[in-house]
Amino acid sequence: MAHQHSHHGHSHGHVDPNAGDARVAWAIGVNMLLTVAQVVGGIFSGSLSLIADALHNFSDAVALIIAFFARKIARRPADARMSFGYGRAEVVAALVNYTTLVVLSVYLFYEGVMRFFEPETINGWMVVWVATLALVVDLITAALTYSMAKDSMNIRAAFLHNLADALGSIAVIIAGAAVILFNWTWVDPAVTIMISIYILWHVKSEIGETIRVLMLGAPPDLDPEEVAAAIEATQGVREVHHVHLWSMQERQPALTAHLVIDAGAMSRADGIRADVRQSLMDRFAIGHATLEIEQSESACVGFSRFGHQEE
């Protein structure tokens with residue numbers, strides 16, 4: 001079955017192993033330095049929105065770190081203890097990242113609301129200069145990861161985060177300009193609240209996929225009933241049950257199932273199994289399939305089509 005894994009062209013594990021590692025490392029380094037600069041600038045200028053933007057920037061740096069180490073870890077071959085390989089290291093790290101972001105953005109939202117009641121003096125010029133620096137760095141990081149984004153879902157996500165960050169930096173520049181021109185200190189907490197809501201919305205749209213993979217849910221682009229029906233459409237298969245469909249890691253669907261075949265077809269069992277495997281690969285790109293053959297006379301009775309519980 002080794003040949004079947006070559007079909008997973010979309011998996012980040014098949015990105016040219018060392019190509020781009022240096023670029024990702026540079027992008028991480030620059031973003032970390034920028035995060036520190038924004039936090040220091042936010043503290044000294046009294047701007048909460050600058051600190052909020054720093055948090056968002058830090059989340060992008062963490063996303064890049066996850067992408068960087070996932071590329072390295074995913075190259076490790078499966079072993080006896082980790083027979084499914086190491087691809088899920090990225091999913092676990094992503095869940096930790098998202099959970100931390102939720103906590104921090106809720107805190108920023110709270111601080112932003114409190115600022116409306118107890119406004120603080122803000123150094124508008126410092127806010128504008130630091131946010132402009134942030135905007136330049138966001139654009140440089142986007143340029144560093146742009147060409148790699150075509151081949152890796154990982155890096156593509158990090159690239160899109162950077163573009164969103166650039167918009168956050170523009171919002172902070174507007175907040176700083178509002179202080180300089182009109183002394184509107186309320187714009188700063190307003191922008192902070194907007195950034196914190198944006199981060200929460202962003203997490204909500206992405207955390208579901210992370211949880212689904214960890215919970216062994218079926219890939220969102222595959223309909224389990226359609227997959228089961230395709231198996232039953234294979235000549236010689238009378239019925240299928242005990243179907244488990246999940247993702248071993250990003251974009252790598254896997255399946256286990258019990259195939260019930262007619263007693264007269266038992267001599268062709270291996271051929272039927274091969275036909276089902278080929279059908280799963282051709283129609284659904286399922287390269288990892290474990291299929292157990294059962295004779296119709298002695299097949300499991302009263303078992304469910306999906307999962308392993310009795311009905």
# chains A, B, ... in the order shown; residues from 1 in each chain; ligands from 1
$ closest_atom_pairs --of "segment 171-283 of chain A" --to "segment 113-125 of chain A" --cutoff "7 Å" --atoms "only C-alpha atoms" --output "Markdown table"
| residue | atom | partner | partner_atom | distance |
| --- | --- | --- | --- | --- |
| A:Gly176 | CA | A:Gly124 | CA | 4.4 |
| A:Ala177 | CA | A:Gly124 | CA | 6.4 |
| A:Val179 | CA | A:Gly124 | CA | 5.4 |
| A:Ile180 | CA | A:Gly124 | CA | 5.2 |
| A:Thr185 | CA | A:Ile122 | CA | 6.9 |
| A:Trp186 | CA | A:Phe116 | CA | 6.4 |
| A:Pro189 | CA | A:Arg115 | CA | 6.2 |
$ write_last_selection --atoms "N, CA, C and O atoms" --output "mmCIF file, in the first residue's frame"
data_model
loop_
_atom_site.group_PDB
_atom_site.id
_atom_site.type_symbol
_atom_site.label_atom_id
_atom_site.label_comp_id
_atom_site.auth_asym_id
_atom_site.auth_seq_id
_atom_site.Cartn_x
_atom_site.Cartn_y
_atom_site.Cartn_z
ATOM 1 N N GLY A 176 -4.169 56.242 16.477
ATOM 2 C CA GLY A 176 -3.117 57.204 16.859
ATOM 3 C C GLY A 176 -3.344 58.555 16.222
ATOM 4 O O GLY A 176 -3.185 59.602 16.867
ATOM 5 N N ALA A 177 -3.745 58.539 14.934
ATOM 6 C CA ALA A 177 -4.005 59.797 14.217
ATOM 7 C C ALA A 177 -5.187 60.543 14.832
ATOM 8 O O ALA A 177 -5.176 61.778 14.918
ATOM 9 N N VAL A 179 -5.993 60.606 17.938
ATOM 10 C CA VAL A 179 -5.501 61.251 19.166
ATOM 11 C C VAL A 179 -4.721 62.519 18.815
ATOM 12 O O VAL A 179 -4.915 63.577 19.430
ATOM 13 N N ILE A 180 -3.842 62.421 17.793
ATOM 14 C CA ILE A 180 -3.018 63.570 17.395
ATOM 15 C C ILE A 180 -3.888 64.713 16.877
ATOM 16 O O ILE A 180 -3.730 65.873 17.279
ATOM 17 N N THR A 185 -9.362 60.180 22.488
ATOM 18 C CA THR A 185 -8.744 59.017 23.149
ATOM 19 C C THR A 185 -9.659 57.789 23.126
ATOM 20 O O THR A 185 -9.187 56.665 23.259
ATOM 21 N N TRP A 186 -10.965 57.987 22.915
ATOM 22 C CA TRP A 186 -11.917 56.865 22.899
ATOM 23 C C TRP A 186 -11.708 55.935 21.698
ATOM 24 O O TRP A 186 -12.115 54.767 21.717
ATOM 25 N N PRO A 189 -9.482 52.558 22.763
ATOM 26 C CA PRO A 189 -10.175 51.378 23.304
ATOM 27 C C PRO A 189 -11.188 50.794 22.321
ATOM 28 O O PRO A 189 -11.430 49.582 22.323
#
$ select_by_dssp --residues "segment 71-110 of chain A" --states "helix (DSSP H, G or I)" --output "ChimeraX atom specification"
/A:71-73,89-110
$ closest_residue --among "A:Leu255, A:Met266, A:Arg71, A:Arg23" --to "Ala142 of chain A" --atoms "only C-alpha atoms"
A:Arg23
$ residues_around --residues "Leu135 of chain A" --least-positions-apart "3" --cutoff "12 Å" --atoms "only C-alpha atoms" --output "ChimeraX atom specification"
/A:31,34-35,38,50,53-54,57,128-132,138-142,162-173
$ residues_around --residues "segment 206-214 of chain A" --least-positions-apart "3" --cutoff "12 Å" --atoms "only C-alpha atoms" --output "PDB file with N, CA and C atoms, in the first residue's frame"
ATOM      1  N   GLY A  87       2.148  13.699  12.444  1.00  0.00           N
ATOM      2  CA  GLY A  87       1.481  14.843  11.825  1.00  0.00           C
ATOM      3  C   GLY A  87       0.555  15.625  12.740  1.00  0.00           C
ATOM      4  N   ARG A  88       0.016  14.969  13.784  1.00  0.00           N
ATOM      5  CA  ARG A  88      -0.952  15.650  14.645  1.00  0.00           C
ATOM      6  C   ARG A  88      -0.315  16.596  15.650  1.00  0.00           C
ATOM      7  N   ALA A  89       1.001  16.624  15.728  1.00  0.00           N
ATOM      8  CA  ALA A  89       1.677  17.550  16.649  1.00  0.00           C
ATOM      9  C   ALA A  89       1.198  18.966  16.362  1.00  0.00           C
ATOM     10  N   GLU A  90       1.002  19.270  15.083  1.00  0.00           N
ATOM     11  CA  GLU A  90       0.544  20.593  14.674  1.00  0.00           C
ATOM     12  C   GLU A  90      -0.861  20.887  15.186  1.00  0.00           C
ATOM     13  N   VAL A  91      -1.741  19.877  15.145  1.00  0.00           N
ATOM     14  CA  VAL A  91      -3.136  20.067  15.553  1.00  0.00           C
ATOM     15  C   VAL A  91      -3.214  20.357  17.051  1.00  0.00           C
ATOM     16  N   VAL A  92      -2.423  19.627  17.831  1.00  0.00           N
ATOM     17  CA  VAL A  92      -2.395  19.838  19.290  1.00  0.00           C
ATOM     18  C   VAL A  92      -1.889  21.247  19.604  1.00  0.00           C
ATOM     19  N   ALA A  93      -0.796  21.638  18.930  1.00  0.00           N
ATOM     20  CA  ALA A  93      -0.223  22.976  19.153  1.00  0.00           C
ATOM     21  C   ALA A  93      -1.215  24.060  18.753  1.00  0.00           C
ATOM     22  N   ALA A  94      -1.948  23.836  17.661  1.00  0.00           N
ATOM     23  CA  ALA A  94      -2.941  24.815  17.207  1.00  0.00           C
ATOM     24  C   ALA A  94      -4.040  24.995  18.254  1.00  0.00           C
ATOM     25  N   LEU A  95      -4.480  23.888  18.873  1.00  0.00           N
ATOM     26  CA  LEU A  95      -5.527  23.971  19.896  1.00  0.00           C
ATOM     27  C   LEU A  95      -5.041  24.792  21.100  1.00  0.00           C
ATOM     28  N   VAL A  96      -3.800  24.575  21.505  1.00  0.00           N
ATOM     29  CA  VAL A  96      -3.218  25.347  22.611  1.00  0.00           C
ATOM     30  C   VAL A  96      -3.166  26.825  22.240  1.00  0.00           C
ATOM     31  N   ASN A  97      -2.738  27.095  21.012  1.00  0.00           N
ATOM     32  CA  ASN A  97      -2.632  28.472  20.518  1.00  0.00           C
ATOM     33  C   ASN A  97      -3.995  29.169  20.548  1.00  0.00           C
ATOM     34  N   TYR A  98      -5.022  28.499  20.008  1.00  0.00           N
ATOM     35  CA  TYR A  98      -6.362  29.092  19.947  1.00  0.00           C
ATOM     36  C   TYR A  98      -6.943  29.329  21.343  1.00  0.00           C
ATOM     37  N   THR A  99      -6.731  28.363  22.245  1.00  0.00           N
ATOM     38  CA  THR A  99      -7.258  28.497  23.609  1.00  0.00           C
ATOM     39  C   THR A  99      -6.633  29.707  24.312  1.00  0.00           C
ATOM     40  N   THR A 100      -5.326  29.874  24.154  1.00  0.00           N
ATOM     41  CA  THR A 100      -4.622  31.024  24.746  1.00  0.00           C
ATOM     42  C   THR A 100      -5.160  32.332  24.170  1.00  0.00           C
ATOM     43  N   LEU A 101      -5.387  32.328  22.857  1.00  0.00           N
ATOM     44  CA  LEU A 101      -5.909  33.530  22.189  1.00  0.00           C
ATOM     45  C   LEU A 101      -7.273  33.936  22.733  1.00  0.00           C
ATOM     46  N   VAL A 102      -8.134  32.959  22.982  1.00  0.00           N
ATOM     47  CA  VAL A 102      -9.478  33.246  23.514  1.00  0.00           C
ATOM     48  C   VAL A 102      -9.360  33.954  24.859  1.00  0.00           C
ATOM     49  N   ALA A 157      -2.201  29.572   5.729  1.00  0.00           N
ATOM     50  CA  ALA A 157      -2.935  30.132   6.866  1.00  0.00           C
ATOM     51  C   ALA A 157      -2.121  31.249   7.514  1.00  0.00           C
ATOM     52  N   HIS A 161      -3.041  35.239   7.860  1.00  0.00           N
ATOM     53  CA  HIS A 161      -3.007  35.902   9.169  1.00  0.00           C
ATOM     54  C   HIS A 161      -2.230  37.203   9.074  1.00  0.00           C
ATOM     55  N   ILE A 199     -10.249  38.728  16.699  1.00  0.00           N
ATOM     56  CA  ILE A 199      -9.463  37.548  17.080  1.00  0.00           C
ATOM     57  C   ILE A 199     -10.406  36.403  17.491  1.00  0.00           C
ATOM     58  N   LEU A 200     -11.449  36.731  18.277  1.00  0.00           N
ATOM     59  CA  LEU A 200     -12.410  35.703  18.708  1.00  0.00           C
ATOM     60  C   LEU A 200     -13.150  35.102  17.511  1.00  0.00           C
ATOM     61  N   TRP A 201     -13.536  35.952  16.572  1.00  0.00           N
ATOM     62  CA  TRP A 201     -14.226  35.486  15.361  1.00  0.00           C
ATOM     63  C   TRP A 201     -13.304  34.576  14.549  1.00  0.00           C
ATOM     64  N   HIS A 202     -12.057  34.987  14.459  1.00  0.00           N
ATOM     65  CA  HIS A 202     -11.041  34.241  13.719  1.00  0.00           C
ATOM     66  C   HIS A 202     -10.835  32.850  14.359  1.00  0.00           C
ATOM     67  N   VAL A 203     -10.759  32.811  15.685  1.00  0.00           N
ATOM     68  CA  VAL A 203     -10.587  31.542  16.410  1.00  0.00           C
ATOM     69  C   VAL A 203     -11.814  30.653  16.194  1.00  0.00           C
ATOM     70  N   GLY A 217     -13.238  13.025  13.888  1.00  0.00           N
ATOM     71  CA  GLY A 217     -14.434  13.254  13.077  1.00  0.00           C
ATOM     72  C   GLY A 217     -14.142  13.025  11.600  1.00  0.00           C
ATOM     73  N   ALA A 218     -15.208  12.776  10.830  1.00  0.00           N
ATOM     74  CA  ALA A 218     -15.058  12.570   9.383  1.00  0.00           C
ATOM     75  C   ALA A 218     -14.605  13.875   8.724  1.00  0.00           C
ATOM     76  N   PRO A 219     -13.737  13.812   7.708  1.00  0.00           N
ATOM     77  CA  PRO A 219     -13.305  15.033   7.008  1.00  0.00           C
ATOM     78  C   PRO A 219     -14.518  15.790   6.475  1.00  0.00           C
ATOM     79  N   PRO A 220     -14.522  17.125   6.587  1.00  0.00           N
ATOM     80  CA  PRO A 220     -15.703  17.900   6.203  1.00  0.00           C
ATOM     81  C   PRO A 220     -16.064  17.788   4.726  1.00  0.00           C
ATOM     82  N   ASP A 221     -15.081  17.468   3.876  1.00  0.00           N
ATOM     83  CA  ASP A 221     -15.364  17.400   2.439  1.00  0.00           C
ATOM     84  C   ASP A 221     -15.811  15.999   1.990  1.00  0.00           C
ATOM     85  N   LEU A 245     -14.597   6.658   9.601  1.00  0.00           N
ATOM     86  CA  LEU A 245     -13.963   7.562   8.641  1.00  0.00           C
ATOM     87  C   LEU A 245     -13.407   8.750   9.414  1.00  0.00           C
ATOM     88  N   TRP A 246     -12.112   8.999   9.305  1.00  0.00           N
ATOM     89  CA  TRP A 246     -11.498  10.085  10.075  1.00  0.00           C
ATOM     90  C   TRP A 246     -10.288  10.649   9.353  1.00  0.00           C
ATOM     91  N   SER A 247      -9.651  11.658   9.942  1.00  0.00           N
ATOM     92  CA  SER A 247      -8.429  12.228   9.363  1.00  0.00           C
ATOM     93  C   SER A 247      -7.252  11.838  10.245  1.00  0.00           C
ATOM     94  N   MET A 248      -6.254  11.180   9.661  1.00  0.00           N
ATOM     95  CA  MET A 248      -5.069  10.847  10.445  1.00  0.00           C
ATOM     96  C   MET A 248      -4.310  12.130  10.781  1.00  0.00           C
ATOM     97  N   GLN A 249      -4.266  13.045   9.813  1.00  0.00           N
ATOM     98  CA  GLN A 249      -3.718  14.374  10.025  1.00  0.00           C
ATOM     99  C   GLN A 249      -4.294  15.262   8.933  1.00  0.00           C
ATOM    100  N   GLU A 250      -3.774  16.467   8.815  1.00  0.00           N
ATOM    101  CA  GLU A 250      -4.334  17.406   7.845  1.00  0.00           C
ATOM    102  C   GLU A 250      -4.404  16.779   6.461  1.00  0.00           C
ATOM    103  N   ARG A 251      -5.601  16.753   5.890  1.00  0.00           N
ATOM    104  CA  ARG A 251      -5.824  16.262   4.528  1.00  0.00           C
ATOM    105  C   ARG A 251      -5.324  14.839   4.291  1.00  0.00           C
ATOM    106  N   GLN A 252      -5.490  13.969   5.258  1.00  0.00           N
ATOM    107  CA  GLN A 252      -5.105  12.568   5.057  1.00  0.00           C
ATOM    108  C   GLN A 252      -6.208  11.668   5.600  1.00  0.00           C
ATOM    109  N   PRO A 253      -7.293  11.478   4.812  1.00  0.00           N
ATOM    110  CA  PRO A 253      -8.423  10.675   5.292  1.00  0.00           C
ATOM    111  C   PRO A 253      -8.063   9.192   5.412  1.00  0.00           C
ATOM    112  N   ALA A 254      -8.678   8.537   6.395  1.00  0.00           N
ATOM    113  CA  ALA A 254      -8.452   7.108   6.605  1.00  0.00           C
ATOM    114  C   ALA A 254      -9.790   6.432   6.878  1.00  0.00           C
TER     115      ALA A 254
END
